[in-house]
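Structure file data-v1.cif (mmCIF, C-alpha atoms) is printed below.
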data_entry
#
loop_
_atom_site.label_atom_id
_atom_site.label_comp_id
_atom_site.auth_asym_id
_atom_site.auth_seq_id
_atom_site.Cartn_x
_atom_site.Cartn_y
_atom_site.Cartn_z
CA MET V 20 79.99 116.63 88.21
CA HIS V 21 78.83 120.03 89.36
CA ALA V 22 80.82 123.07 88.32
CA ARG V 23 82.01 124.00 91.81
CA PRO V 24 82.90 120.97 93.93
CA PHE V 25 83.66 121.18 97.65
CA VAL V 26 87.44 121.23 98.06
CA ILE V 27 88.66 118.63 100.56
CA ASP V 28 91.27 119.93 103.01
CA PRO V 29 94.07 117.34 102.90
CA THR V 30 95.49 118.46 106.26
CA GLY V 31 92.46 117.26 108.26
CA ARG V 32 92.73 120.25 110.57
CA ASP V 33 88.92 120.34 111.00
CA ILE V 34 87.83 116.89 109.93
CA HIS V 35 84.43 116.96 111.65
CA GLY V 36 83.67 120.53 110.65
CA GLN V 37 84.43 119.58 107.05
CA ALA V 38 82.07 116.59 107.36
CA GLU V 39 79.29 118.85 108.63
CA ARG V 40 79.76 121.24 105.73
CA ILE V 41 79.68 118.37 103.24
CA ARG V 42 76.53 116.95 104.85
CA ALA V 43 74.81 120.31 104.63
CA LEU V 44 75.27 120.20 100.84
CA GLY V 45 73.44 116.88 100.50
CA PRO V 46 73.77 113.12 101.05
CA ALA V 47 76.17 112.81 98.09
CA VAL V 48 78.05 115.88 96.86
CA PRO V 49 80.83 116.56 94.34
CA VAL V 50 84.21 117.20 95.95
CA GLU V 51 87.74 117.88 94.84
CA LEU V 52 90.35 115.55 96.30
CA PRO V 53 94.05 116.48 96.68
CA GLY V 54 95.61 117.03 93.28
CA GLY V 55 92.37 118.38 91.84
CA VAL V 56 90.88 114.89 91.37
CA PRO V 57 87.04 114.94 91.32
CA ALA V 58 84.90 112.55 93.37
CA TRP V 59 81.58 112.26 95.20
CA ALA V 60 81.57 112.42 99.00
CA VAL V 61 78.79 110.34 100.57
CA SER V 62 78.01 111.28 104.16
CA ASP V 63 74.41 110.08 104.62
CA GLN V 64 74.46 106.76 106.46
CA ALA V 65 71.50 105.22 104.62
CA VAL V 66 72.80 106.24 101.19
CA LEU V 67 76.29 105.02 102.04
CA ARG V 68 74.95 101.65 103.21
CA ARG V 69 73.13 101.23 99.91
CA LEU V 70 76.21 102.10 97.88
CA LEU V 71 78.46 99.80 99.92
CA THR V 72 76.23 96.86 98.99
CA ASP V 73 75.40 97.93 95.43
CA PRO V 74 77.00 95.66 92.79
CA ARG V 75 77.20 98.72 90.53
CA VAL V 76 79.88 100.14 92.84
CA SER V 77 83.43 98.84 92.33
CA LYS V 78 86.74 99.32 94.13
CA ASP V 79 88.82 98.33 91.12
CA ALA V 80 90.30 101.40 89.42
CA TYR V 81 91.95 99.20 86.79
CA GLN V 82 88.48 98.23 85.51
CA HIS V 83 86.18 101.11 86.42
CA TRP V 84 87.99 104.45 86.83
CA PRO V 85 88.58 105.94 83.38
CA VAL V 86 91.18 108.53 84.44
CA TRP V 87 93.22 105.76 86.06
CA MET V 88 92.87 103.48 83.06
CA LYS V 89 94.08 106.30 80.78
CA GLY V 90 97.17 106.86 82.93
CA GLU V 91 96.10 110.34 84.04
CA ILE V 92 96.73 109.48 87.71
CA THR V 93 100.47 109.31 88.38
CA PRO V 94 102.45 107.83 91.31
CA GLU V 95 103.01 111.37 92.64
CA TRP V 96 99.31 111.65 93.53
CA PRO V 97 99.05 111.56 97.37
CA LEU V 98 96.36 108.84 97.28
CA PHE V 99 98.06 106.70 94.63
CA ALA V 100 98.75 103.74 96.93
CA TRP V 101 95.08 103.56 97.98
CA VAL V 102 94.11 102.81 94.39
CA ALA V 103 97.19 101.06 93.01
CA VAL V 104 97.24 98.12 95.45
CA ARG V 105 96.07 94.72 94.22
CA ASN V 106 94.35 93.13 97.20
CA MET V 107 90.84 92.58 98.52
CA LEU V 108 90.57 96.28 99.49
CA THR V 109 90.51 97.22 95.80
CA ALA V 110 89.09 94.06 94.22
CA TYR V 111 85.66 93.73 92.61
CA GLY V 112 83.27 90.85 91.99
CA PRO V 113 84.83 87.39 91.55
CA ASP V 114 88.33 88.71 92.26
CA HIS V 115 87.16 90.09 95.59
CA ARG V 116 85.45 86.82 96.55
CA ARG V 117 88.60 84.87 95.67
CA LEU V 118 90.94 87.15 97.60
CA ARG V 119 88.72 87.50 100.65
CA GLY V 120 88.15 83.76 100.75
CA LEU V 121 91.87 83.05 100.76
CA VAL V 122 92.56 85.68 103.42
CA SER V 123 89.62 84.55 105.56
CA SER V 124 91.02 81.02 105.59
CA ALA V 125 94.14 82.36 107.28
CA PHE V 126 92.66 85.20 109.36
CA THR V 127 90.19 83.10 111.35
CA VAL V 128 88.08 83.92 114.40
CA ARG V 129 89.92 81.18 116.27
CA ARG V 130 93.31 82.69 115.49
CA THR V 131 92.08 86.14 116.54
CA ALA V 132 90.57 84.92 119.84
CA ALA V 133 93.76 83.04 120.65
CA LEU V 134 95.62 86.35 120.65
CA ARG V 135 93.96 87.61 123.84
CA PRO V 136 96.69 86.38 126.23
CA ARG V 137 99.40 87.87 124.03
CA ILE V 138 97.53 91.18 123.73
CA ALA V 139 97.22 91.24 127.52
CA ALA V 140 100.94 90.52 127.95
CA ILE V 141 101.99 93.28 125.52
CA THR V 142 99.58 95.66 127.27
CA GLU V 143 101.13 94.89 130.65
CA ASP V 144 104.64 95.42 129.25
CA LEU V 145 103.66 98.86 127.99
CA LEU V 146 101.95 99.75 131.27
CA ASP V 147 105.00 98.60 133.24
CA ASP V 148 107.12 100.91 131.11
CA LEU V 149 104.78 103.82 131.81
CA ALA V 150 104.63 103.01 135.50
CA ALA V 151 108.41 103.35 135.71
CA GLU V 152 108.03 107.09 135.16
CA PRO V 153 108.47 109.26 138.29
CA PRO V 154 105.33 110.42 140.15
CA GLY V 155 103.57 113.27 138.39
CA ALA V 156 105.29 112.56 135.07
CA THR V 157 103.55 113.00 131.75
CA ALA V 158 103.70 110.62 128.81
CA ASP V 159 102.50 110.65 125.23
CA LEU V 160 99.94 107.86 125.33
CA ARG V 161 99.62 107.75 121.56
CA GLU V 162 103.32 107.12 121.06
CA ARG V 163 103.88 104.91 124.09
CA PHE V 164 100.62 102.98 124.36
CA ALA V 165 98.07 103.42 121.55
CA TYR V 166 100.66 102.95 118.80
CA PRO V 167 103.03 100.22 120.03
CA LEU V 168 100.28 97.82 121.15
CA PRO V 169 98.62 97.19 117.75
CA ILE V 170 101.86 97.40 115.77
CA ARG V 171 103.42 94.74 117.99
CA VAL V 172 100.32 92.56 117.78
CA ILE V 173 100.00 92.76 114.00
CA CYS V 174 103.73 92.25 113.44
CA GLU V 175 103.76 89.18 115.68
CA LEU V 176 100.65 87.86 113.93
CA PHE V 177 102.35 88.15 110.55
CA GLY V 178 105.78 87.09 111.78
CA VAL V 179 107.53 90.43 111.24
CA ALA V 180 110.21 90.17 113.91
CA ASP V 181 112.92 92.37 112.44
CA GLU V 182 112.87 95.82 114.07
CA ALA V 183 114.25 97.56 110.97
CA THR V 184 111.39 96.08 108.93
CA GLN V 185 108.89 97.24 111.55
CA ARG V 186 110.29 100.79 111.41
CA GLU V 187 110.08 100.83 107.62
CA ILE V 188 106.48 99.60 107.75
CA ARG V 189 105.59 102.37 110.17
CA ARG V 190 107.32 105.00 108.04
CA SER V 191 105.48 103.88 104.91
CA VAL V 192 102.09 103.59 106.61
CA ASP V 193 102.45 107.09 108.05
CA ALA V 194 103.01 108.33 104.51
CA PHE V 195 99.91 106.51 103.21
CA PHE V 196 97.62 108.08 105.79
CA HIS V 197 99.13 111.52 106.38
CA THR V 198 97.67 113.29 103.38
CA GLY V 199 98.72 116.74 104.58
CA LYS V 200 102.35 115.96 103.82
CA ALA V 201 104.06 117.02 100.61
CA ALA V 202 103.53 114.70 97.66
CA GLU V 203 107.21 113.79 97.51
CA ASP V 204 106.89 112.24 100.98
CA THR V 205 104.30 109.75 99.75
CA ALA V 206 105.39 108.97 96.19
CA ASP V 207 108.02 106.39 97.13
CA ALA V 208 106.29 104.96 100.24
CA PHE V 209 104.24 102.36 98.35
CA PRO V 210 107.07 100.79 96.28
CA ARG V 211 109.35 101.02 99.33
CA MET V 212 106.91 99.02 101.46
CA GLN V 213 106.34 96.53 98.64
CA ALA V 214 110.10 95.96 98.41
CA VAL V 215 110.35 95.35 102.16
CA LEU V 216 107.49 92.86 102.07
CA ARG V 217 108.87 91.04 99.03
CA THR V 218 111.97 90.42 101.12
CA LEU V 219 109.75 89.19 103.97
CA VAL V 220 107.92 86.81 101.63
CA ALA V 221 111.19 85.40 100.32
CA ASP V 222 112.39 84.80 103.88
CA LYS V 223 109.11 83.13 104.89
CA ARG V 224 109.30 80.82 101.88
CA ARG V 225 112.73 79.69 103.05
CA ASN V 226 111.71 79.56 106.72
CA PRO V 227 107.92 79.11 107.10
CA ALA V 228 106.51 79.60 110.59
CA ASP V 229 103.20 79.58 112.45
CA ASP V 230 102.21 83.08 111.35
CA LEU V 231 99.81 84.66 108.89
CA SER V 232 102.48 85.55 106.35
CA SER V 233 103.40 81.87 106.07
CA ALA V 234 99.71 80.89 105.94
CA LEU V 235 99.05 83.33 103.09
CA ILE V 236 102.11 82.10 101.20
CA ALA V 237 100.86 78.54 101.60
CA ALA V 238 97.43 79.61 100.31
CA ARG V 239 99.07 81.41 97.40
CA ASP V 240 101.11 78.34 96.47
CA GLU V 241 98.58 75.57 97.12
CA GLN V 242 95.02 76.74 96.40
CA ASP V 243 93.22 76.20 93.09
CA ALA V 244 92.61 79.97 92.80
CA PRO V 245 95.88 81.31 94.19
CA LEU V 246 97.01 84.79 94.99
CA SER V 247 99.36 86.23 92.42
CA GLU V 248 102.70 87.32 93.82
CA ASP V 249 101.64 90.98 93.58
CA GLU V 250 98.34 90.22 95.32
CA LEU V 251 100.21 88.39 98.08
CA VAL V 252 102.54 91.33 98.72
CA ASP V 253 99.73 93.89 98.51
CA THR V 254 97.61 91.81 100.90
CA LEU V 255 100.44 92.08 103.41
CA VAL V 256 100.55 95.83 102.73
CA LEU V 257 96.83 96.00 103.56
CA PHE V 258 96.97 94.05 106.81
CA LEU V 259 100.16 95.60 108.15
CA SER V 260 98.84 99.13 107.52
CA ALA V 261 95.09 98.98 108.17
CA GLY V 262 95.84 96.30 110.77
CA HIS V 263 97.27 98.83 113.18
CA GLU V 264 96.32 102.37 112.11
CA THR V 265 92.63 101.83 112.86
CA THR V 266 93.36 100.46 116.33
CA VAL V 267 95.83 103.23 117.15
CA ASN V 268 93.14 105.83 116.49
CA LEU V 269 90.46 103.81 118.29
CA LEU V 270 92.59 103.70 121.45
CA ASP V 271 93.68 107.34 121.09
CA ASN V 272 90.11 108.62 120.66
CA ALA V 273 88.63 106.44 123.41
CA ILE V 274 91.29 107.55 125.93
CA PHE V 275 90.81 111.20 124.96
CA ALA V 276 87.02 110.94 125.18
CA LEU V 277 87.07 109.49 128.71
CA LEU V 278 89.77 111.85 130.00
CA THR V 279 87.73 114.83 128.84
CA ARG V 280 84.43 113.45 130.22
CA PRO V 281 84.99 112.47 133.86
CA GLY V 282 81.30 111.82 134.43
CA GLN V 283 81.21 109.21 131.71
CA LEU V 284 84.49 107.69 132.90
CA ALA V 285 82.93 107.38 136.36
CA LEU V 286 80.01 105.42 134.90
CA VAL V 287 82.47 102.98 133.35
CA ARG V 288 84.54 102.65 136.54
CA GLU V 289 81.37 101.98 138.54
CA GLY V 290 80.35 99.22 136.15
CA ARG V 291 77.18 101.02 135.06
CA VAL V 292 78.45 101.21 131.47
CA THR V 293 80.50 98.51 129.75
CA TRP V 294 83.82 98.92 127.99
CA GLU V 295 82.08 97.56 124.90
CA ALA V 296 79.78 100.60 125.03
CA VAL V 297 82.84 102.88 125.22
CA ILE V 298 84.39 101.18 122.20
CA GLU V 299 81.21 101.30 120.11
CA GLU V 300 80.52 104.95 120.94
CA THR V 301 84.11 105.83 120.06
CA LEU V 302 83.77 104.06 116.72
CA ARG V 303 80.50 105.89 116.08
CA CYS V 304 81.48 109.39 117.18
CA GLN V 305 85.18 109.32 116.30
CA ALA V 306 85.56 106.85 113.44
CA PRO V 307 89.27 105.92 113.21
CA ILE V 308 89.08 106.23 109.41
CA ALA V 309 87.06 109.34 108.66
CA ASN V 310 87.07 109.11 104.86
CA LEU V 311 88.06 106.06 102.83
CA PRO V 312 89.20 106.36 99.20
CA LEU V 313 87.97 105.19 96.71
CA ARG V 314 85.07 103.44 95.01
CA PHE V 315 83.84 103.81 91.43
CA ALA V 316 80.42 103.77 89.81
CA VAL V 317 80.23 100.98 87.22
CA GLU V 318 77.18 102.66 85.70
CA ASP V 319 75.00 105.70 86.44
CA ILE V 320 73.55 105.45 89.96
CA GLU V 321 70.69 107.62 91.22
CA VAL V 322 71.10 108.43 94.91
CA GLY V 323 67.98 110.58 95.39
CA ASP V 324 67.01 114.26 95.24
CA GLY V 325 67.79 114.29 91.53
CA VAL V 326 71.46 113.39 92.13
CA THR V 327 73.10 110.85 89.86
CA ILE V 328 76.64 109.55 90.32
CA GLY V 329 77.86 109.03 86.79
CA ALA V 330 79.49 105.88 85.46
CA GLY V 331 83.24 106.08 86.10
CA ASP V 332 82.94 108.68 88.85
CA ALA V 333 84.99 108.17 92.02
CA ILE V 334 83.26 107.88 95.40
CA LEU V 335 84.67 108.83 98.81
CA ALA V 336 83.06 106.91 101.70
CA CYS V 337 82.66 109.35 104.62
CA TYR V 338 82.54 106.89 107.53
CA GLY V 339 83.11 109.57 110.16
CA ALA V 340 80.23 111.70 108.90
CA ALA V 341 77.94 108.66 108.63
CA GLY V 342 78.50 107.83 112.29
CA ARG V 343 77.32 111.32 113.22
CA ASP V 344 74.31 111.34 110.89
CA PRO V 345 71.48 113.22 112.65
CA HIS V 346 68.93 111.19 110.66
CA VAL V 347 70.15 108.16 112.61
CA HIS V 348 71.34 109.60 115.93
CA GLY V 349 69.33 112.78 116.37
CA GLN V 350 70.44 116.37 116.66
CA ASP V 351 73.06 115.50 119.31
CA ALA V 352 74.74 113.00 116.96
CA SER V 353 78.09 114.80 117.29
CA ARG V 354 78.10 114.41 121.10
CA PHE V 355 80.08 111.54 122.63
CA ASP V 356 77.75 109.69 125.03
CA VAL V 357 78.50 106.18 126.26
CA THR V 358 74.90 105.85 127.52
CA ARG V 359 73.48 106.40 124.03
CA ALA V 360 71.11 103.52 123.31
CA GLU V 361 71.82 103.31 119.57
CA LYS V 362 75.46 103.38 118.49
CA GLU V 363 75.06 102.30 114.88
CA HIS V 364 78.11 103.15 112.75
CA LEU V 365 80.06 102.20 109.64
CA ALA V 366 83.54 102.58 111.12
CA PHE V 367 84.61 99.15 109.83
CA GLY V 368 82.78 99.48 106.54
CA TYR V 369 79.73 97.49 105.51
CA GLY V 370 78.79 94.64 103.20
CA VAL V 371 81.31 92.42 101.42
CA HIS V 372 84.17 94.84 102.11
CA ARG V 373 83.58 95.04 105.88
CA CYS V 374 86.98 94.97 107.59
CA LEU V 375 88.15 91.42 108.36
CA GLY V 376 90.29 92.83 111.17
CA ALA V 377 87.37 94.41 113.07
CA PRO V 378 87.25 91.63 115.72
CA LEU V 379 90.99 92.07 116.35
CA ALA V 380 90.72 95.85 116.72
CA THR V 381 87.85 95.62 119.18
CA LEU V 382 89.58 92.82 121.11
CA GLU V 383 92.72 94.94 121.49
CA ALA V 384 90.66 97.88 122.76
CA ALA V 385 88.66 95.64 125.11
CA VAL V 386 91.91 94.42 126.70
CA ALA V 387 93.92 97.65 126.63
CA LEU V 388 91.44 100.28 127.82
CA PRO V 389 90.39 98.73 131.16
CA ALA V 390 94.01 97.79 131.83
CA LEU V 391 95.21 101.37 131.29
CA PHE V 392 92.54 103.02 133.42
CA GLY V 393 92.87 100.30 136.05
CA ARG V 394 96.63 100.78 136.37
CA PHE V 395 96.42 104.59 136.47
CA PRO V 396 93.30 105.64 138.40
CA ASP V 397 94.50 109.28 138.48
CA LEU V 398 95.20 109.45 134.74
CA ALA V 399 94.57 112.96 133.42
CA LEU V 400 95.03 114.83 130.16
CA ALA V 401 98.15 117.00 130.34
CA ALA V 402 97.08 119.60 127.76
CA GLU V 403 94.06 121.70 126.89
CA PRO V 404 91.73 119.42 124.88
CA ASP V 405 91.30 121.92 122.06
CA ARG V 406 95.05 122.45 121.77
CA LEU V 407 95.90 118.90 120.73
CA PRO V 408 96.81 118.96 117.02
CA PRO V 409 95.01 116.43 114.80
CA LEU V 410 96.80 114.10 112.42
CA GLU V 411 97.71 115.65 109.09
CA SER V 412 95.15 113.57 107.27
CA PHE V 413 91.61 113.69 105.93
CA ILE V 414 91.60 109.87 106.02
CA SER V 415 92.94 109.01 109.47
CA ASN V 416 91.19 110.53 112.51
CA GLY V 417 93.31 110.92 115.62
CA HIS V 418 95.78 113.15 117.46
CA ARG V 419 99.46 113.66 116.70
CA THR V 420 100.16 113.37 120.43
CA LEU V 421 98.12 112.46 123.50
CA PRO V 422 99.99 113.81 126.54
CA ALA V 423 98.70 112.55 129.87
CA ARG V 424 99.73 112.85 133.52
CA LEU V 425 99.99 109.30 134.82
CA THR V 426 99.64 109.91 138.55
CA ALA V 427 98.33 112.68 140.77
#
Rewrite the coordinates I just gave you, this time as structure tokens.
Amino acid sequence: MHARPFVIDPTGRDIHGQAERIRALGPAVPVELPGGVPAWAVSDQAVLRRLLTDPRVSKDAYQHWPVWMKGEITPEWPLFAWVAVRNMLTAYGPDHRRLRGLVSSAFTVRRTAALRPRIAAITEDLLDDLAAEPPGATADLRERFAYPLPIRVICELFGVADEATQREIRRSVDAFFHTGKAAEDTADAFPRMQAVLRTLVADKRRNPADDLSSALIAARDEQDAPLSEDELVDTLVLFLSAGHETTVNLLDNAIFALLTRPGQLALVREGRVTWEAVIEETLRCQAPIANLPLRFAVEDIEVGDGVTIGAGDAILACYGAAGRDPHVHGQDASRFDVTRAEKEHLAFGYGVHRCLGAPLATLEAAVALPALFGRFPDLALAAEPDRLPPLESFISNGHRTLPARLTA
């Protein structure tokens, strides 16, 4: 590591500005994470692609992060849950193939596609609720539309019907992602969510249903290479957290982008640009997960320009910066443009760890966005664009609120 690493701002108050400053220092640069933990931030899209598919890069801290293995990282560390979980997000090699294979057998393309009618119905329920507001009223579209849609979808998919359990999941997930909060707010979130999901698993064992929780429990109990009980619970942690946070931010950022660019919204309304183009450009320009912790070098890895990531060093994947890489998208890479011909991004990761839930997230956006703008043709942002506070996170990229005027 270099003597003076770039210090990551945990509050995320200028997440894109920070990405630009990191990029200016090189494709892979030493940084200091919250708590003074050293890592390498990789912002160059080509370099990041190579690392994401390099077998010398692991996600398993228990095998390949010396400071973790020595017990130097404690549960009070704000990013503890991102490393401590035992699921396919943090698995390496054969363990990853085993876990992903079991999850893939439950989280199928068929099951995802079959959700479209239910996604549409939930969307209409939320729009009906918004439409009940008096003319000229404003509403927080993050809280009342972008958030409840994916949380309801993912909870139905996994059979989480109890509202108290849903609230506890949301509370814990907020703590995982909101890195600007005090450490004491995050220290107990991970064990708290594990406890809630252990209760869910016990209930599903007694009363199995046609949901993914029951399917995973069946896989855990029946397959030749089963999930351990901890892996089962932590897999539920992964899907119930990443399974909605990414989509919340995707919807939030897409709505914001179109409300602040009426010319581009007009192109979409006129059918000259597809909603798929809107979704892909949002993922490229405003990646829902800006920075994803953590990976670890299994051995020394040269990344060019005389830079070597040392064995045991931690790696921060800067997905947001990679989507705005000027080497890929030109000097206007930071500009949102739905007509851009090339929208290449890494918003859902790359290689063997690419997000299994990506088809669900894009399906939800493909249903929700045209429905929202179709129901409210006069929809307008109800605040100055530069006055909307960002999430308190260097991981999650979105707004704390998205106030909009529903009708003229």
Requested in this report: Quick one: everything within 10 Å of Ala47 in chain V, counting all atoms listed in the file, minus sequence neighbours fewer than 3 positions away in the same chain. Send it as a VMD selection string.
Outcome: chain V and resid 41 to 42 44 50 58 to 63 66 to 67 322 to 324 326 to 328 334 to 337
**Report entry** Distance of CA of Leu400 in chain V from CA of Ala140 in chain V, expressed in Å to one decimal place
**Finding:**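 Computed distance, CA of Ala140 in chain V to CA of Leu400 in chain V, equals 25.1 Å.
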Report as JSON the centre and the edge lengths, in Å to one decimal, of the axis-aligned box holding every listed atom of range 266-274 of chain V, padded by 4 Å on each side.
{"center_x": 92.2, "center_y": 104.5, "center_z": 121.1, "size_x": 15.2, "size_y": 16.2, "size_z": 17.6}
Query raised in the report: Expanded to explicit residues, what is the PyMOL selection byres ((chain V and resi 233-239) around 10) for this file, as a PyMOL selection string?
Result: chain V and resi 118+121-126+177-178+219-224+226-232+240-248+250-252+254-255
Query raised in the report: Residues picked by the PyMOL selection byres ((chain V and resi 210) around 12) here, as number ranges by chain?
Result: V: 94-95, 99-100, 103-104, 187-188, 191-192, 194-195, 205-209, 211-217, 249, 252-253, 256
Requested in this report: Using the chain letters and numbers from the file, give me the residues hit by the PyMOL selection byres ((chain V and resi 300) around 8), as a list in words.
Outcome: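 Selected by the PyMOL selection byres ((chain V and resi 300) around 8) in this file: Ala296, Val297, Ile298, Glu299, Thr301, Leu302, Arg303, Cys304, Gln305, Phe355, Asp356, Val357, Arg359 and Lys362 of chain V.
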Preceding selection exported with C-alpha atoms as a PDB file, keeping the file's coordinate frame:
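Done, and the output landed in part20.pdb:
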ATOM      1  CA  ALA V 296      79.780 100.600 125.030  1.00  0.00           C
ATOM      2  CA  VAL V 297      82.840 102.880 125.220  1.00  0.00           C
ATOM      3  CA  ILE V 298      84.390 101.180 122.200  1.00  0.00           C
ATOM      4  CA  GLU V 299      81.210 101.300 120.110  1.00  0.00           C
ATOM      5  CA  THR V 301      84.110 105.830 120.060  1.00  0.00           C
ATOM      6  CA  LEU V 302      83.770 104.060 116.720  1.00  0.00           C
ATOM      7  CA  ARG V 303      80.500 105.890 116.080  1.00  0.00           C
ATOM      8  CA  CYS V 304      81.480 109.390 117.180  1.00  0.00           C
ATOM      9  CA  GLN V 305      85.180 109.320 116.300  1.00  0.00           C
ATOM     10  CA  PHE V 355      80.080 111.540 122.630  1.00  0.00           C
ATOM     11  CA  ASP V 356      77.750 109.690 125.030  1.00  0.00           C
ATOM     12  CA  VAL V 357      78.500 106.180 126.260  1.00  0.00           C
ATOM     13  CA  ARG V 359      73.480 106.400 124.030  1.00  0.00           C
ATOM     14  CA  LYS V 362      75.460 103.380 118.490  1.00  0.00           C
TER      15      LYS V 362
END
Query raised in the report: Any idea what's packed within 10 Å of range 285-288 of chain V, counting only C-alpha atoms, ignoring anything in its chain fewer than 4 positions away? Could you give it as a PyMOL selection string?
Result: chain V and resi 277+280-281+292-294+296-297+357-358+389+392-393+396
Export of the given selection (C-alpha atoms) as a PDB file, in the frame of the given file:
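The result, written out as again_30.pdb:
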ATOM      1  CA  LEU V 277      87.070 109.490 128.710  1.00  0.00           C
ATOM      2  CA  ARG V 280      84.430 113.450 130.220  1.00  0.00           C
ATOM      3  CA  PRO V 281      84.990 112.470 133.860  1.00  0.00           C
ATOM      4  CA  VAL V 292      78.450 101.210 131.470  1.00  0.00           C
ATOM      5  CA  THR V 293      80.500  98.510 129.750  1.00  0.00           C
ATOM      6  CA  TRP V 294      83.820  98.920 127.990  1.00  0.00           C
ATOM      7  CA  ALA V 296      79.780 100.600 125.030  1.00  0.00           C
ATOM      8  CA  VAL V 297      82.840 102.880 125.220  1.00  0.00           C
ATOM      9  CA  VAL V 357      78.500 106.180 126.260  1.00  0.00           C
ATOM     10  CA  THR V 358      74.900 105.850 127.520  1.00  0.00           C
ATOM     11  CA  PRO V 389      90.390  98.730 131.160  1.00  0.00           C
ATOM     12  CA  PHE V 392      92.540 103.020 133.420  1.00  0.00           C
ATOM     13  CA  GLY V 393      92.870 100.300 136.050  1.00  0.00           C
ATOM     14  CA  PRO V 396      93.300 105.640 138.400  1.00  0.00           C
TER      15      PRO V 396
END
For a cut-off of 6 Å around (91.9, 108.1, 108.7), file coordinates, pick out all residues using all atoms listed in the file and list them as an mmCIF file with C-alpha atoms, in the frame of the given file.
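result_23.cif, written as the output of this step:
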data_model
loop_
_atom_site.group_PDB
_atom_site.id
_atom_site.type_symbol
_atom_site.label_atom_id
_atom_site.label_comp_id
_atom_site.auth_asym_id
_atom_site.auth_seq_id
_atom_site.Cartn_x
_atom_site.Cartn_y
_atom_site.Cartn_z
ATOM 1 C CA PRO V 307 89.270 105.920 113.210
ATOM 2 C CA ILE V 308 89.080 106.230 109.410
ATOM 3 C CA ALA V 309 87.060 109.340 108.660
ATOM 4 C CA ILE V 414 91.600 109.870 106.020
ATOM 5 C CA SER V 415 92.940 109.010 109.470
ATOM 6 C CA ASN V 416 91.190 110.530 112.510
#
**Report entry** Close residues, range 77-90 of chain V itself excluded, 12 Å, only C-alpha atoms, min 3 positions apart in chain, as an MDAnalysis selection string
**Finding:** chainID V and resid 56:58 70:74 93:94 96 99:115 311:318 329:336 371:372
Once you have the residues from the selection above, write them out as an mmCIF file, in the coordinates of the input, restricted to C-alpha atoms.
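What landed in again.cif:
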data_model
loop_
_atom_site.group_PDB
_atom_site.id
_atom_site.type_symbol
_atom_site.label_atom_id
_atom_site.label_comp_id
_atom_site.auth_asym_id
_atom_site.auth_seq_id
_atom_site.Cartn_x
_atom_site.Cartn_y
_atom_site.Cartn_z
ATOM 1 C CA VAL V 56 90.880 114.890 91.370
ATOM 2 C CA PRO V 57 87.040 114.940 91.320
ATOM 3 C CA ALA V 58 84.900 112.550 93.370
ATOM 4 C CA LEU V 70 76.210 102.100 97.880
ATOM 5 C CA LEU V 71 78.460 99.800 99.920
ATOM 6 C CA THR V 72 76.230 96.860 98.990
ATOM 7 C CA ASP V 73 75.400 97.930 95.430
ATOM 8 C CA PRO V 74 77.000 95.660 92.790
ATOM 9 C CA THR V 93 100.470 109.310 88.380
ATOM 10 C CA PRO V 94 102.450 107.830 91.310
ATOM 11 C CA TRP V 96 99.310 111.650 93.530
ATOM 12 C CA PHE V 99 98.060 106.700 94.630
ATOM 13 C CA ALA V 100 98.750 103.740 96.930
ATOM 14 C CA TRP V 101 95.080 103.560 97.980
ATOM 15 C CA VAL V 102 94.110 102.810 94.390
ATOM 16 C CA ALA V 103 97.190 101.060 93.010
ATOM 17 C CA VAL V 104 97.240 98.120 95.450
ATOM 18 C CA ARG V 105 96.070 94.720 94.220
ATOM 19 C CA ASN V 106 94.350 93.130 97.200
ATOM 20 C CA MET V 107 90.840 92.580 98.520
ATOM 21 C CA LEU V 108 90.570 96.280 99.490
ATOM 22 C CA THR V 109 90.510 97.220 95.800
ATOM 23 C CA ALA V 110 89.090 94.060 94.220
ATOM 24 C CA TYR V 111 85.660 93.730 92.610
ATOM 25 C CA GLY V 112 83.270 90.850 91.990
ATOM 26 C CA PRO V 113 84.830 87.390 91.550
ATOM 27 C CA ASP V 114 88.330 88.710 92.260
ATOM 28 C CA HIS V 115 87.160 90.090 95.590
ATOM 29 C CA LEU V 311 88.060 106.060 102.830
ATOM 30 C CA PRO V 312 89.200 106.360 99.200
ATOM 31 C CA LEU V 313 87.970 105.190 96.710
ATOM 32 C CA ARG V 314 85.070 103.440 95.010
ATOM 33 C CA PHE V 315 83.840 103.810 91.430
ATOM 34 C CA ALA V 316 80.420 103.770 89.810
ATOM 35 C CA VAL V 317 80.230 100.980 87.220
ATOM 36 C CA GLU V 318 77.180 102.660 85.700
ATOM 37 C CA GLY V 329 77.860 109.030 86.790
ATOM 38 C CA ALA V 330 79.490 105.880 85.460
ATOM 39 C CA GLY V 331 83.240 106.080 86.100
ATOM 40 C CA ASP V 332 82.940 108.680 88.850
ATOM 41 C CA ALA V 333 84.990 108.170 92.020
ATOM 42 C CA ILE V 334 83.260 107.880 95.400
ATOM 43 C CA LEU V 335 84.670 108.830 98.810
ATOM 44 C CA ALA V 336 83.060 106.910 101.700
ATOM 45 C CA VAL V 371 81.310 92.420 101.420
ATOM 46 C CA HIS V 372 84.170 94.840 102.110
#
Report task. Quote the spacing between CA of Asp159 in chain V and CA of Thr420 in chain V in Å to one decimal place. Result -> 6.0 Å
**Report entry** Atomic distance CA of Ala380 in chain V - CA of Glu264 in chain V, expressed in Å with one decimal
**Finding:**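 If I compute the distance from CA of Ala380 in chain V to CA of Glu264 in chain V, I get 9.8 Å.
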Report summary line: Of V:Thr381, V:Val172, V:Phe413, V:Leu398, the one nearest to Pro97 in chain V when counting only C-alpha atoms is V:Phe413
